[in-house]
>>> print(open('start_26.cif').read())   # mmCIF, C-alpha atoms and all ligand atoms
data_model
loop_
_atom_site.group_PDB
_atom_site.id
_atom_site.type_symbol
_atom_site.label_atom_id
_atom_site.label_comp_id
_atom_site.auth_asym_id
_atom_site.auth_seq_id
_atom_site.Cartn_x
_atom_site.Cartn_y
_atom_site.Cartn_z
ATOM 1 C CA MET A 346 0.000 0.000 0.000
ATOM 2 C CA THR A 347 1.343 3.472 -0.865
ATOM 3 C CA PRO A 348 1.802 5.485 2.319
ATOM 4 C CA ARG A 349 -0.480 8.502 2.547
ATOM 5 C CA ARG A 350 1.350 11.705 1.842
ATOM 6 C CA SER A 351 -0.502 13.895 4.318
ATOM 7 C CA HIS A 352 2.727 14.759 6.152
ATOM 8 C CA GLU A 353 4.869 15.313 3.089
ATOM 9 C CA THR A 354 6.753 18.631 3.122
ATOM 10 C CA LEU A 355 5.215 20.557 0.254
ATOM 11 C CA PHE A 356 6.730 23.988 0.892
ATOM 12 C CA HIS A 357 10.378 24.603 1.817
ATOM 13 C CA ARG A 358 11.357 27.736 3.711
ATOM 14 C CA HIS A 359 14.115 29.854 2.209
ATOM 15 C CA GLU A 360 17.282 29.799 4.279
ATOM 16 C CA SER A 361 17.516 33.599 4.383
ATOM 17 C CA ASN A 362 14.029 33.997 5.903
ATOM 18 C CA PRO A 363 12.638 36.419 6.814
ATOM 19 C CA ILE A 364 13.563 38.060 3.521
ATOM 20 C CA LEU A 365 12.163 41.524 4.361
ATOM 21 C CA THR A 366 11.700 43.279 7.691
ATOM 22 C CA ALA A 367 11.114 46.830 8.967
ATOM 23 C CA ALA A 368 14.914 47.233 9.163
ATOM 24 C CA ASP A 369 15.060 47.110 5.331
ATOM 25 C CA TRP A 370 12.796 50.157 4.987
ATOM 26 C CA PRO A 371 14.150 53.526 3.845
ATOM 27 C CA TYR A 372 11.707 55.398 6.135
ATOM 28 C CA PRO A 373 10.564 54.647 9.714
ATOM 29 C CA VAL A 374 8.010 51.830 9.917
ATOM 30 C CA HIS A 375 6.924 49.357 12.556
ATOM 31 C CA SER A 376 6.375 46.131 10.565
ATOM 32 C CA VAL A 377 6.291 44.758 7.000
ATOM 33 C CA PHE A 378 4.179 41.709 6.145
ATOM 34 C CA ASN A 379 1.374 40.180 4.002
ATOM 35 C CA ALA A 380 2.837 41.145 0.594
ATOM 36 C CA GLY A 381 1.151 40.739 -2.783
ATOM 37 C CA ALA A 382 3.574 39.530 -5.470
ATOM 38 C CA THR A 383 3.994 39.612 -9.213
ATOM 39 C CA ARG A 384 6.612 39.510 -11.905
ATOM 40 C CA LEU A 385 7.103 42.605 -14.059
ATOM 41 C CA GLY A 386 7.684 42.497 -17.835
ATOM 42 C CA ASP A 387 11.474 42.506 -17.416
ATOM 43 C CA GLY A 388 11.405 39.562 -14.985
ATOM 44 C CA THR A 389 11.807 41.652 -11.826
ATOM 45 C CA THR A 390 9.873 40.342 -8.821
ATOM 46 C CA LEU A 391 7.696 43.037 -7.262
ATOM 47 C CA LEU A 392 6.323 42.667 -3.766
ATOM 48 C CA LEU A 393 3.641 45.095 -2.660
ATOM 49 C CA CYS A 394 4.046 44.903 1.094
ATOM 50 C CA ARG A 395 1.618 45.818 3.804
ATOM 51 C CA VAL A 396 3.523 48.287 5.960
ATOM 52 C CA GLU A 397 2.328 49.314 9.391
ATOM 53 C CA ASP A 398 3.697 52.539 10.846
ATOM 54 C CA ARG A 399 3.571 53.676 14.449
ATOM 55 C CA SER A 400 0.071 55.104 14.056
ATOM 56 C CA GLY A 401 -1.011 51.442 13.815
ATOM 57 C CA LEU A 402 -2.488 52.025 10.336
ATOM 58 C CA SER A 403 -1.195 50.335 7.190
ATOM 59 C CA HIS A 404 -0.220 51.497 3.694
ATOM 60 C CA LEU A 405 1.308 49.581 0.762
ATOM 61 C CA CYS A 406 4.922 49.852 -0.376
ATOM 62 C CA ALA A 407 6.677 48.203 -3.331
ATOM 63 C CA ALA A 408 9.988 46.329 -3.112
ATOM 64 C CA ARG A 409 11.692 45.105 -6.301
ATOM 65 C CA SER A 410 14.346 42.408 -6.726
ATOM 66 C CA ALA A 411 15.996 40.735 -9.727
ATOM 67 C CA ASN A 412 15.986 37.256 -8.142
ATOM 68 C CA GLY A 413 12.969 37.528 -5.807
ATOM 69 C CA VAL A 414 15.106 36.678 -2.777
ATOM 70 C CA ASP A 415 17.505 39.521 -2.009
ATOM 71 C CA GLY A 416 18.847 42.816 -3.328
ATOM 72 C CA TRP A 417 15.445 44.431 -2.725
ATOM 73 C CA ILE A 418 15.021 48.047 -3.783
ATOM 74 C CA VAL A 419 12.268 49.536 -1.677
ATOM 75 C CA ASP A 420 10.332 52.657 -2.753
ATOM 76 C CA GLU A 421 11.572 55.714 -0.834
ATOM 77 C CA GLU A 422 7.995 56.612 0.139
ATOM 78 C CA PRO A 423 4.712 54.725 0.498
ATOM 79 C CA THR A 424 3.688 53.490 -2.969
ATOM 80 C CA LEU A 425 -0.066 53.408 -2.324
ATOM 81 C CA ARG A 426 -1.423 55.315 0.669
ATOM 82 C CA ALA A 427 -4.905 55.329 2.074
ATOM 83 C CA ASP A 428 -6.839 58.271 0.627
ATOM 84 C CA PRO A 429 -9.695 58.777 3.105
ATOM 85 C CA GLU A 430 -10.595 62.238 1.758
ATOM 86 C CA ASN A 431 -11.650 60.769 -1.564
ATOM 87 C CA TYR A 432 -12.254 57.192 -0.378
ATOM 88 C CA PRO A 433 -13.690 57.380 3.160
ATOM 89 C CA GLU A 434 -13.669 53.577 3.356
ATOM 90 C CA GLU A 435 -9.853 53.815 3.663
ATOM 91 C CA LEU A 436 -10.065 55.792 6.920
ATOM 92 C CA TRP A 437 -8.137 53.244 8.967
ATOM 93 C CA GLY A 438 -5.638 52.200 6.315
ATOM 94 C CA ILE A 439 -5.211 49.697 3.485
ATOM 95 C CA GLU A 440 -3.986 46.109 3.929
ATOM 96 C CA ASP A 441 -3.200 42.684 2.450
ATOM 97 C CA PRO A 442 -2.985 43.308 -1.336
ATOM 98 C CA ARG A 443 -3.367 40.544 -3.930
ATOM 99 C CA ILE A 444 -2.072 41.234 -7.443
ATOM 100 C CA THR A 445 -3.340 39.720 -10.709
ATOM 101 C CA PHE A 446 -2.179 40.695 -14.186
ATOM 102 C CA ILE A 447 -5.359 41.104 -16.261
ATOM 103 C CA GLN A 448 -4.414 40.075 -19.769
ATOM 104 C CA GLU A 449 -7.235 41.869 -21.601
ATOM 105 C CA LEU A 450 -6.505 45.197 -19.876
ATOM 106 C CA GLY A 451 -2.720 44.898 -19.972
ATOM 107 C CA LYS A 452 -2.789 46.108 -16.344
ATOM 108 C CA TYR A 453 -2.188 44.752 -12.878
ATOM 109 C CA ALA A 454 -5.249 44.619 -10.632
ATOM 110 C CA ILE A 455 -4.535 45.181 -6.948
ATOM 111 C CA VAL A 456 -7.330 44.001 -4.705
ATOM 112 C CA TYR A 457 -6.822 45.082 -1.109
ATOM 113 C CA THR A 458 -8.575 45.460 2.209
ATOM 114 C CA ALA A 459 -9.842 48.971 2.967
ATOM 115 C CA PHE A 460 -10.335 49.377 6.697
ATOM 116 C CA SER A 461 -13.418 51.571 7.088
ATOM 117 C CA LYS A 462 -15.514 52.737 10.021
ATOM 118 C CA GLY A 463 -17.937 50.004 8.993
ATOM 119 C CA GLY A 464 -15.258 47.293 9.063
ATOM 120 C CA PRO A 465 -12.946 45.842 6.403
ATOM 121 C CA GLY A 466 -14.134 45.878 2.769
ATOM 122 C CA VAL A 467 -12.638 44.944 -0.612
ATOM 123 C CA ALA A 468 -11.146 47.723 -2.769
ATOM 124 C CA LEU A 469 -9.623 47.663 -6.258
ATOM 125 C CA ALA A 470 -6.970 49.708 -8.051
ATOM 126 C CA LEU A 471 -5.418 49.152 -11.489
ATOM 127 C CA THR A 472 -1.865 50.033 -12.458
ATOM 128 C CA GLU A 473 0.593 49.510 -15.296
ATOM 129 C CA GLU A 474 3.841 50.102 -13.391
ATOM 130 C CA PHE A 475 3.069 50.411 -9.654
ATOM 131 C CA ARG A 476 3.638 54.193 -9.709
ATOM 132 C CA HIS A 477 0.273 55.534 -10.905
ATOM 133 C CA PHE A 478 -2.959 53.949 -9.765
ATOM 134 C CA GLU A 479 -6.517 54.065 -11.076
ATOM 135 C CA ARG A 480 -8.748 53.564 -8.046
ATOM 136 C CA TYR A 481 -12.125 51.865 -8.329
ATOM 137 C CA GLY A 482 -12.999 52.316 -4.644
ATOM 138 C CA LEU A 483 -14.846 49.676 -2.669
ATOM 139 C CA ILE A 484 -16.113 46.767 -4.789
ATOM 140 C CA MET A 485 -17.424 44.634 -1.887
ATOM 141 C CA GLN A 486 -18.816 46.294 1.215
ATOM 142 C CA PRO A 487 -17.838 45.273 4.790
ATOM 143 C CA ASP A 488 -17.366 42.849 6.313
ATOM 144 C CA ASP A 489 -15.384 41.301 3.460
ATOM 145 C CA LYS A 490 -11.659 40.709 2.714
ATOM 146 C CA ASP A 491 -9.097 38.181 1.354
ATOM 147 C CA ALA A 492 -10.032 38.892 -2.253
ATOM 148 C CA ALA A 493 -8.309 38.443 -5.621
ATOM 149 C CA LEU A 494 -9.319 38.591 -9.288
ATOM 150 C CA LEU A 495 -8.860 35.836 -11.852
ATOM 151 C CA PRO A 496 -6.550 36.821 -14.755
ATOM 152 C CA ARG A 497 -9.256 36.453 -17.409
ATOM 153 C CA ARG A 498 -13.010 36.479 -17.839
ATOM 154 C CA ILE A 499 -15.071 33.369 -17.161
ATOM 155 C CA ASP A 500 -18.188 33.142 -19.353
ATOM 156 C CA GLY A 501 -17.803 36.817 -20.243
ATOM 157 C CA GLY A 502 -17.396 38.119 -16.704
ATOM 158 C CA PHE A 503 -14.478 39.138 -14.511
ATOM 159 C CA ALA A 504 -14.369 36.886 -11.447
ATOM 160 C CA LEU A 505 -13.492 37.841 -7.873
ATOM 161 C CA LEU A 506 -12.823 35.425 -5.022
ATOM 162 C CA HIS A 507 -13.561 37.002 -1.640
ATOM 163 C CA ARG A 508 -14.467 36.224 1.938
ATOM 164 C CA PRO A 509 -17.558 37.838 3.398
ATOM 165 C CA MET A 510 -18.358 37.260 7.091
ATOM 166 C CA THR A 511 -21.704 35.617 7.709
ATOM 167 C CA ASP A 512 -23.652 34.391 10.726
ATOM 168 C CA THR A 513 -22.615 30.843 9.813
ATOM 169 C CA GLY A 514 -18.892 31.625 9.672
ATOM 170 C CA ALA A 515 -16.421 33.074 7.174
ATOM 171 C CA HIS A 516 -16.499 31.230 3.839
ATOM 172 C CA ILE A 517 -14.996 31.869 0.383
ATOM 173 C CA TRP A 518 -17.318 33.192 -2.348
ATOM 174 C CA ILE A 519 -16.987 34.080 -6.020
ATOM 175 C CA SER A 520 -18.722 37.007 -7.735
ATOM 176 C CA PHE A 521 -18.803 38.136 -11.361
ATOM 177 C CA SER A 522 -18.770 41.504 -13.122
ATOM 178 C CA PRO A 523 -18.923 42.815 -16.694
ATOM 179 C CA ASP A 524 -16.911 45.970 -15.846
ATOM 180 C CA LEU A 525 -15.123 45.456 -12.482
ATOM 181 C CA ARG A 526 -17.649 47.877 -10.873
ATOM 182 C CA ASN A 527 -20.980 46.050 -10.798
ATOM 183 C CA TRP A 528 -20.876 42.648 -9.147
ATOM 184 C CA GLY A 529 -23.382 39.784 -9.033
ATOM 185 C CA GLY A 530 -23.799 36.043 -9.645
ATOM 186 C CA HIS A 531 -22.492 35.399 -6.113
ATOM 187 C CA LYS A 532 -21.715 31.766 -5.329
ATOM 188 C CA LEU A 533 -20.265 29.968 -2.324
ATOM 189 C CA VAL A 534 -17.078 28.138 -3.334
ATOM 190 C CA LEU A 535 -15.411 26.888 -0.159
ATOM 191 C CA GLN A 536 -16.994 26.567 3.238
ATOM 192 C CA ALA A 537 -15.166 26.652 6.561
ATOM 193 C CA ARG A 538 -15.501 23.296 8.289
ATOM 194 C CA ARG A 539 -16.950 22.940 11.781
ATOM 195 C CA GLY A 540 -15.857 21.462 15.053
ATOM 196 C CA GLY A 541 -12.231 20.592 15.677
ATOM 197 C CA TRP A 542 -10.915 20.920 12.112
ATOM 198 C CA TRP A 543 -7.825 23.078 11.428
ATOM 199 C CA ASP A 544 -9.974 25.166 9.073
ATOM 200 C CA ALA A 545 -13.124 25.350 11.194
ATOM 201 C CA ASN A 546 -15.260 28.506 11.271
ATOM 202 C CA LYS A 547 -12.994 30.765 9.234
ATOM 203 C CA VAL A 548 -11.262 30.296 5.870
ATOM 204 C CA GLY A 549 -10.001 32.886 3.374
ATOM 205 C CA LEU A 550 -8.259 32.987 0.010
ATOM 206 C CA SER A 551 -4.500 33.408 0.434
ATOM 207 C CA PRO A 552 -2.704 34.298 -2.852
ATOM 208 C CA PRO A 553 -4.629 34.605 -6.156
ATOM 209 C CA LEU A 554 -5.638 31.271 -7.736
ATOM 210 C CA ILE A 555 -2.936 29.419 -9.673
ATOM 211 C CA GLU A 556 -3.974 28.185 -13.132
ATOM 212 C CA THR A 557 -2.932 24.569 -13.844
ATOM 213 C CA PRO A 558 -3.979 22.088 -16.551
ATOM 214 C CA ARG A 559 -6.075 20.271 -13.896
ATOM 215 C CA GLY A 560 -7.906 23.341 -12.623
ATOM 216 C CA TRP A 561 -7.490 26.459 -10.510
ATOM 217 C CA LEU A 562 -5.288 25.632 -7.545
ATOM 218 C CA MET A 563 -6.256 27.491 -4.401
ATOM 219 C CA LEU A 564 -4.032 28.037 -1.378
ATOM 220 C CA TYR A 565 -6.276 29.177 1.448
ATOM 221 C CA HIS A 566 -5.827 29.946 5.114
ATOM 222 C CA GLY A 567 -7.752 28.271 7.874
ATOM 223 C CA VAL A 568 -8.012 29.865 11.278
ATOM 224 C CA ARG A 569 -8.038 27.613 14.294
ATOM 225 C CA LEU A 570 -9.250 29.324 17.453
ATOM 226 C CA THR A 571 -7.481 28.010 20.551
ATOM 227 C CA ALA A 572 -7.390 29.022 24.204
ATOM 228 C CA ALA A 573 -3.983 30.617 23.462
ATOM 229 C CA GLY A 574 -5.145 32.564 20.362
ATOM 230 C CA CYS A 575 -5.506 31.865 16.652
ATOM 231 C CA LEU A 576 -3.375 29.579 14.448
ATOM 232 C CA TYR A 577 -3.191 30.654 10.770
ATOM 233 C CA ARG A 578 -2.346 27.680 8.535
ATOM 234 C CA ILE A 579 -2.492 26.984 4.803
ATOM 235 C CA GLY A 580 -4.464 24.326 2.925
ATOM 236 C CA VAL A 581 -5.108 23.446 -0.736
ATOM 237 C CA ALA A 582 -8.145 22.958 -2.960
ATOM 238 C CA LEU A 583 -8.735 22.605 -6.710
ATOM 239 C CA PHE A 584 -11.531 24.196 -8.766
ATOM 240 C CA ASP A 585 -12.917 23.626 -12.258
ATOM 241 C CA LEU A 586 -11.223 25.832 -14.886
ATOM 242 C CA ASN A 587 -14.498 26.781 -16.567
ATOM 243 C CA LYS A 588 -16.691 26.771 -13.437
ATOM 244 C CA PRO A 589 -14.384 28.115 -10.726
ATOM 245 C CA GLU A 590 -17.190 27.891 -8.164
ATOM 246 C CA HIS A 591 -17.044 24.093 -8.479
ATOM 247 C CA CYS A 592 -14.609 22.482 -6.043
ATOM 248 C CA LEU A 593 -13.005 19.338 -7.513
ATOM 249 C CA LEU A 594 -10.791 18.384 -4.568
ATOM 250 C CA ARG A 595 -10.044 19.700 -1.098
ATOM 251 C CA GLY A 596 -7.129 18.541 1.041
ATOM 252 C CA GLY A 597 -7.864 17.201 4.490
ATOM 253 C CA SER A 598 -4.711 18.334 6.277
ATOM 254 C CA TRP A 599 -3.061 21.703 6.286
ATOM 255 C CA ILE A 600 0.198 21.803 4.316
ATOM 256 C CA PHE A 601 2.011 24.769 5.845
ATOM 257 C CA GLY A 602 1.806 26.479 9.213
ATOM 258 C CA PRO A 603 3.762 28.368 11.860
ATOM 259 C CA GLU A 604 6.887 26.395 12.846
ATOM 260 C CA ALA A 605 9.922 28.673 12.494
ATOM 261 C CA ASP A 606 10.628 31.123 15.271
ATOM 262 C CA TYR A 607 9.795 34.167 13.060
ATOM 263 C CA GLU A 608 6.348 32.600 12.367
ATOM 264 C CA ARG A 609 5.735 31.543 15.947
ATOM 265 C CA HIS A 610 6.674 34.880 17.531
ATOM 266 C CA GLY A 611 5.964 38.444 16.486
ATOM 267 C CA ASP A 612 3.240 41.064 16.818
ATOM 268 C CA VAL A 613 0.672 38.336 16.264
ATOM 269 C CA ASP A 614 2.109 34.928 17.164
ATOM 270 C CA ASN A 615 1.504 31.818 15.048
ATOM 271 C CA VAL A 616 0.572 33.393 11.741
ATOM 272 C CA THR A 617 1.632 32.326 8.223
ATOM 273 C CA PHE A 618 -0.300 34.522 5.792
ATOM 274 C CA PRO A 619 0.578 34.329 2.052
ATOM 275 C CA CYS A 620 -0.860 37.030 -0.223
ATOM 276 C CA GLY A 621 1.253 36.409 -3.336
ATOM 277 C CA TYR A 622 3.324 34.023 -5.409
ATOM 278 C CA THR A 623 5.417 34.015 -8.554
ATOM 279 C CA LEU A 624 5.989 31.023 -10.815
ATOM 280 C CA GLY A 625 9.526 29.877 -11.661
ATOM 281 C CA ALA A 626 10.826 29.753 -15.234
ATOM 282 C CA ASP A 627 10.093 25.975 -15.199
ATOM 283 C CA GLY A 628 6.362 26.784 -14.912
ATOM 284 C CA ASP A 629 6.195 24.499 -11.853
ATOM 285 C CA THR A 630 8.003 26.158 -8.950
ATOM 286 C CA ILE A 631 5.775 28.307 -6.755
ATOM 287 C CA ASN A 632 7.627 31.048 -4.878
ATOM 288 C CA LEU A 633 5.193 31.763 -2.084
ATOM 289 C CA TYR A 634 5.562 35.074 -0.225
ATOM 290 C CA TYR A 635 3.918 35.148 3.171
ATOM 291 C CA GLY A 636 3.583 37.388 6.173
ATOM 292 C CA ALA A 637 5.168 35.833 9.276
ATOM 293 C CA ALA A 638 3.573 36.658 12.631
ATOM 294 C CA ASP A 639 2.319 40.022 11.232
ATOM 295 C CA THR A 640 5.939 41.207 11.492
ATOM 296 C CA SER A 641 8.019 40.251 8.430
ATOM 297 C CA VAL A 642 7.884 38.821 4.900
ATOM 298 C CA ALA A 643 9.139 35.277 4.315
ATOM 299 C CA LEU A 644 9.497 32.991 1.282
ATOM 300 C CA ALA A 645 8.834 29.288 0.763
ATOM 301 C CA SER A 646 8.953 27.274 -2.450
ATOM 302 C CA GLY A 647 6.776 24.430 -3.637
ATOM 303 C CA SER A 648 5.817 22.607 -6.828
ATOM 304 C CA VAL A 649 2.504 22.774 -8.688
ATOM 305 C CA ARG A 650 2.856 19.148 -9.805
ATOM 306 C CA GLN A 651 3.592 17.948 -6.282
ATOM 307 C CA LEU A 652 0.629 19.860 -4.842
ATOM 308 C CA LEU A 653 -1.688 18.346 -7.462
ATOM 309 C CA ARG A 654 -0.377 14.849 -6.772
ATOM 310 C CA TRP A 655 -0.789 15.337 -3.049
ATOM 311 C CA LEU A 656 -4.366 16.578 -3.535
ATOM 312 C CA GLU A 657 -5.202 13.460 -5.539
ATOM 313 C CA GLU A 658 -4.219 11.369 -2.534
ATOM 314 C CA ASP A 659 -5.184 13.473 0.465
ATOM 315 C CA GLY A 660 -8.112 15.336 -1.079
ATOM 316 C CA THR A 661 -11.788 14.537 -1.309
ATOM 317 C CA ALA A 662 -14.355 15.940 -3.673
HETATM 318 C C1 LIG A 701 -6.349 38.560 9.525
HETATM 319 C C2 LIG A 701 -5.880 39.726 8.698
HETATM 320 C C3 LIG A 701 -4.408 39.602 8.364
HETATM 321 C C4 LIG A 701 -3.579 39.225 9.571
HETATM 322 C C5 LIG A 701 -4.206 38.064 10.339
HETATM 323 C C6 LIG A 701 -3.454 37.716 11.604
HETATM 324 O O1 LIG A 701 -7.663 38.741 9.930
HETATM 325 O O2 LIG A 701 -6.095 40.913 9.418
HETATM 326 O O3 LIG A 701 -3.961 40.833 7.877
HETATM 327 O O4 LIG A 701 -2.290 38.833 9.150
HETATM 328 O O5 LIG A 701 -5.547 38.398 10.651
HETATM 329 O O6 LIG A 701 -3.410 38.807 12.486
#
>>> encode(input="start_26.cif", output="structure tokens", more="lines below")
Ligand code: BMA
Amino acid sequence: MTPRRSHETLFHRHESNPILTAADWPYPVHSVFNAGATRLGDGTTLLLCRVEDRSGLSHLCAARSANGVDGWIVDEEPTLRADPENYPEELWGIEDPRITFIQELGKYAIVYTAFSKGGPGVALALTEEFRHFERYGLIMQPDDKDAALLPRRIDGGFALLHRPMTDTGAHIWISFSPDLRNWGGHKLVLQARRGGWWDANKVGLSPPLIETPRGWLMLYHGVRLTAAGCLYRIGVALFDLNKPEHCLLRGGSWIFGPEADYERHGDVDNVTFPCGYTLGADGDTINLYYGAADTSVALASGSVRQLLRWLEEDGTA
């Protein structure tokens, strides 16, 4: 009998973790974490980091590197600041960006959390070069977060994964739009489990979905509430390429969670929170960028093929 692979190591931490901290910043900040990621046209890796200053509020700041590991060049000033005068929903800062290159627009879509008086909501901005931004404002009202766009239309509509809070828990939904402004066709795609599960009560999309020949691969976080606080761990699921609301497989176990000291201890202990990835030149290596303990940015690498194989064995429909 083939041994079950539920304890296989699917993501390997980079030896120079954490790869970015507040000490790398050219201006005074408190912490740097939960970064969106993408690759620019010239191959440069861009991380759009959530940066918290000593007001406690967050803004976004870009760091660029040729190899995605070191040699980061960080913008001298915040790259995208909250703009509460024009966008009152950004009153208490902007957080946790996810970046998707939208082929038909030739632009990057940044979907981020806007922290409003009414709670966290989902906001959108488009950019071509991460210097000028076209803001769309709030596209999902509070309480909603952990959102990312798909890179292309599905059945004629743009598609947004997001995580509204409901009375029955926090589950992942998909919504569709003809123009990125008007949203409808809402469908539940992944439900938090109940009881003692690692992903009971609260799940949320982590980085944007990864397109594979087998389907859209989702890395999602599950939040386990314990007497000592929350544990933020990562699991995997697979969705139909043409019907992304249809879950094909969902892993039983989590595949990545707080183990290293910089994940175990920080402003918020026991948090691994990926918001972005880049794919290696081989089309298989996933460079996963994650916030560690709400304090720093760390990197782990995995393989699309290995994740799919693991899901076949550990997952259920
Ligand atoms: C979530 C978000 C993340 C954060 C995590 C752990 O609800 O606010 O930004 O990393 O909690 O504090």
>>> resolve_selection(input="start_26.cif", expression="the PyMOL selection byres (((chain A and resi 351-365) around 7) and not hetatm)", output="list in words")
Arg349, Arg350, Thr366, Asp369, Val414, Asp415, Ser598, Ile600, Phe601, Ser641, Val642, Ala643, Leu644, Ala645, Ser646, Gly647, Leu652 and Asp659 of chain A
>>> resolve_selection(input="start_26.cif", expression="the PyMOL selection byres (((chain A and resi 567) around 6) and not hetatm)", output="list in words")
Asp544, Lys547, Val548, His566, Val568, Tyr577 and Arg578 of chain A
>>> atom_distance(input="start_26.cif", atom1="CA of Leu495 (chain A)", atom2="CA of Ala637 (chain A)")
25.4 Å
>>> residues_around(input="start_26.cif", residues="Ser648 (chain A)", least_positions_apart="5", cutoff="9 Å", atoms="only C-alpha atoms", output="JSON, numbers by chain")
{"A": [355, 356, 629, 630, 631, 632, 653]}
>>> residues_near_point(input="start_26.cif", point="(12.0, 42.3, -12.7)", cutoff="8 Å", atoms="only C-alpha atoms", output="JSON, numbers by chain")
{"A": [384, 385, 386, 387, 388, 389, 390, 391, 409, 410, 411, 412]}
>>> closest_atom_pairs(input="start_26.cif", of="chain A", to="ligand LIG 701 (chain A)", cutoff="10 Å", atoms="all atoms listed in the file", output="Markdown table")
| residue | atom | partner | partner_atom | distance |
| --- | --- | --- | --- | --- |
| A:Phe378 | CA | A:LIG701 | O4 | 7.7 |
| A:Asn379 | CA | A:LIG701 | O4 | 6.5 |
| A:Ala380 | CA | A:LIG701 | O3 | 10.0 |
| A:Arg395 | CA | A:LIG701 | O3 | 8.5 |
| A:Ser403 | CA | A:LIG701 | O3 | 9.9 |
| A:Ile439 | CA | A:LIG701 | O3 | 10.0 |
| A:Glu440 | CA | A:LIG701 | O3 | 6.6 |
| A:Asp441 | CA | A:LIG701 | O3 | 5.8 |
| A:Pro442 | CA | A:LIG701 | O3 | 9.6 |
| A:Thr458 | CA | A:LIG701 | O3 | 8.7 |
| A:Phe460 | CA | A:LIG701 | O2 | 9.8 |
| A:Pro465 | CA | A:LIG701 | O2 | 9.0 |
| A:Lys490 | CA | A:LIG701 | C2 | 8.4 |
| A:Asp491 | CA | A:LIG701 | C2 | 8.2 |
| A:Lys547 | CA | A:LIG701 | O1 | 9.6 |
| A:Gly549 | CA | A:LIG701 | O1 | 9.1 |
| A:His566 | CA | A:LIG701 | C1 | 9.7 |
| A:Val568 | CA | A:LIG701 | O5 | 8.9 |
| A:Cys575 | CA | A:LIG701 | C6 | 8.0 |
| A:Leu576 | CA | A:LIG701 | C6 | 8.6 |
| A:Tyr577 | CA | A:LIG701 | C6 | 7.1 |
| A:Asp612 | CA | A:LIG701 | O6 | 8.3 |
| A:Val613 | CA | A:LIG701 | O6 | 5.6 |
| A:Asp614 | CA | A:LIG701 | O6 | 8.2 |
| A:Asn615 | CA | A:LIG701 | C6 | 8.4 |
| A:Val616 | CA | A:LIG701 | C6 | 5.9 |
| A:Thr617 | CA | A:LIG701 | O4 | 7.7 |
| A:Phe618 | CA | A:LIG701 | O4 | 5.8 |
| A:Pro619 | CA | A:LIG701 | O4 | 8.9 |
| A:Cys620 | CA | A:LIG701 | O3 | 9.5 |
| A:Tyr635 | CA | A:LIG701 | O4 | 9.4 |
| A:Gly636 | CA | A:LIG701 | O4 | 6.7 |
| A:Ala637 | CA | A:LIG701 | O4 | 8.0 |
| A:Ala638 | CA | A:LIG701 | O4 | 7.2 |
| A:Asp639 | CA | A:LIG701 | O4 | 5.2 |
| A:Thr640 | CA | A:LIG701 | O4 | 8.9 |
>>> residues_around(input="start_26.cif", residues="Tyr432 (chain A)", least_positions_apart="5", cutoff="12 Å", atoms="only C-alpha atoms", output="list in words")
Arg426, Ala427, Trp437, Gly438, Ile439, Ala459, Phe460, Ser461, Lys462, Gly466, Ala468, Leu469, Ala470, Arg480, Tyr481, Gly482, Leu483 and Ile484 of chain A
>>> residues_around(input="start_26.cif", residues="Ser520 (chain A)", least_positions_apart="6", cutoff="6 Å", atoms="only C-alpha atoms", output="number ranges by chain")
A: 504-505, 529-531
>>> atom_distance(input="start_26.cif", atom1="CA of Val649 (chain A)", atom2="CA of Tyr622 (chain A)")
11.7 Å
>>> atom_distance(input="start_26.cif", atom1="CA of Pro371 (chain A)", atom2="CA of Glu421 (chain A)")
5.8 Å
>>> closest_residue(input="start_26.cif", among="A:Phe446, A:Tyr634, A:Tyr457, A:Trp655", to="Ala582 (chain A)", atoms="only C-alpha atoms")
A:Trp655
>>> resolve_selection(input="start_26.cif", expression="the PyMOL selection byres (((chain A and resi 584-587) around 12) and not hetatm)", output="ChimeraX atom specification")
/A:495-502,504,506,519,534-535,554-564,581-583,588-595,653,656,662
>>> closest_residue(input="start_26.cif", among="A:Thr445, A:Ala407, A:Glu434, A:Asp524", to="Gln486 (chain A)", atoms="only C-alpha atoms")
A:Glu434
>>> closest_residue(input="start_26.cif", among="A:Trp599, A:Trp417, A:Tyr372, A:Phe475", to="Ala545 (chain A)", atoms="all atoms listed in the file")
A:Trp599
>>> closest_residue(input="start_26.cif", among="A:Gly574, A:Gly463, A:Pro552, A:Gly621", to="Cys394 (chain A)", atoms="all atoms listed in the file")
A:Gly621
>>> closest_residue(input="start_26.cif", among="A:Ala408, A:Leu425, A:Leu450, A:Val456", to="Trp370 (chain A)", atoms="all atoms listed in the file")
A:Ala408
>>> closest_residue(input="start_26.cif", among="A:Thr424, A:Gly514, A:Arg476, A:Pro553", to="Thr623 (chain A)", atoms="all atoms listed in the file")
A:Pro553
>>> decode(input="start_26.cif", residues="region 355-369 of chain A", atoms="C-alpha atoms", output="compact mmCIF listing (two decimals), in the first residue's frame")
# COMPACT_ATOMS: atom_id res chain seq x y z
CA LEU A 355 5.22 20.56 0.25
CA PHE A 356 6.73 23.99 0.89
CA HIS A 357 10.38 24.60 1.82
CA ARG A 358 11.36 27.74 3.71
CA HIS A 359 14.12 29.85 2.21
CA GLU A 360 17.28 29.80 4.28
CA SER A 361 17.52 33.60 4.38
CA ASN A 362 14.03 34.00 5.90
CA PRO A 363 12.64 36.42 6.81
CA ILE A 364 13.56 38.06 3.52
CA LEU A 365 12.16 41.52 4.36
CA THR A 366 11.70 43.28 7.69
CA ALA A 367 11.11 46.83 8.97
CA ALA A 368 14.91 47.23 9.16
CA ASP A 369 15.06 47.11 5.33
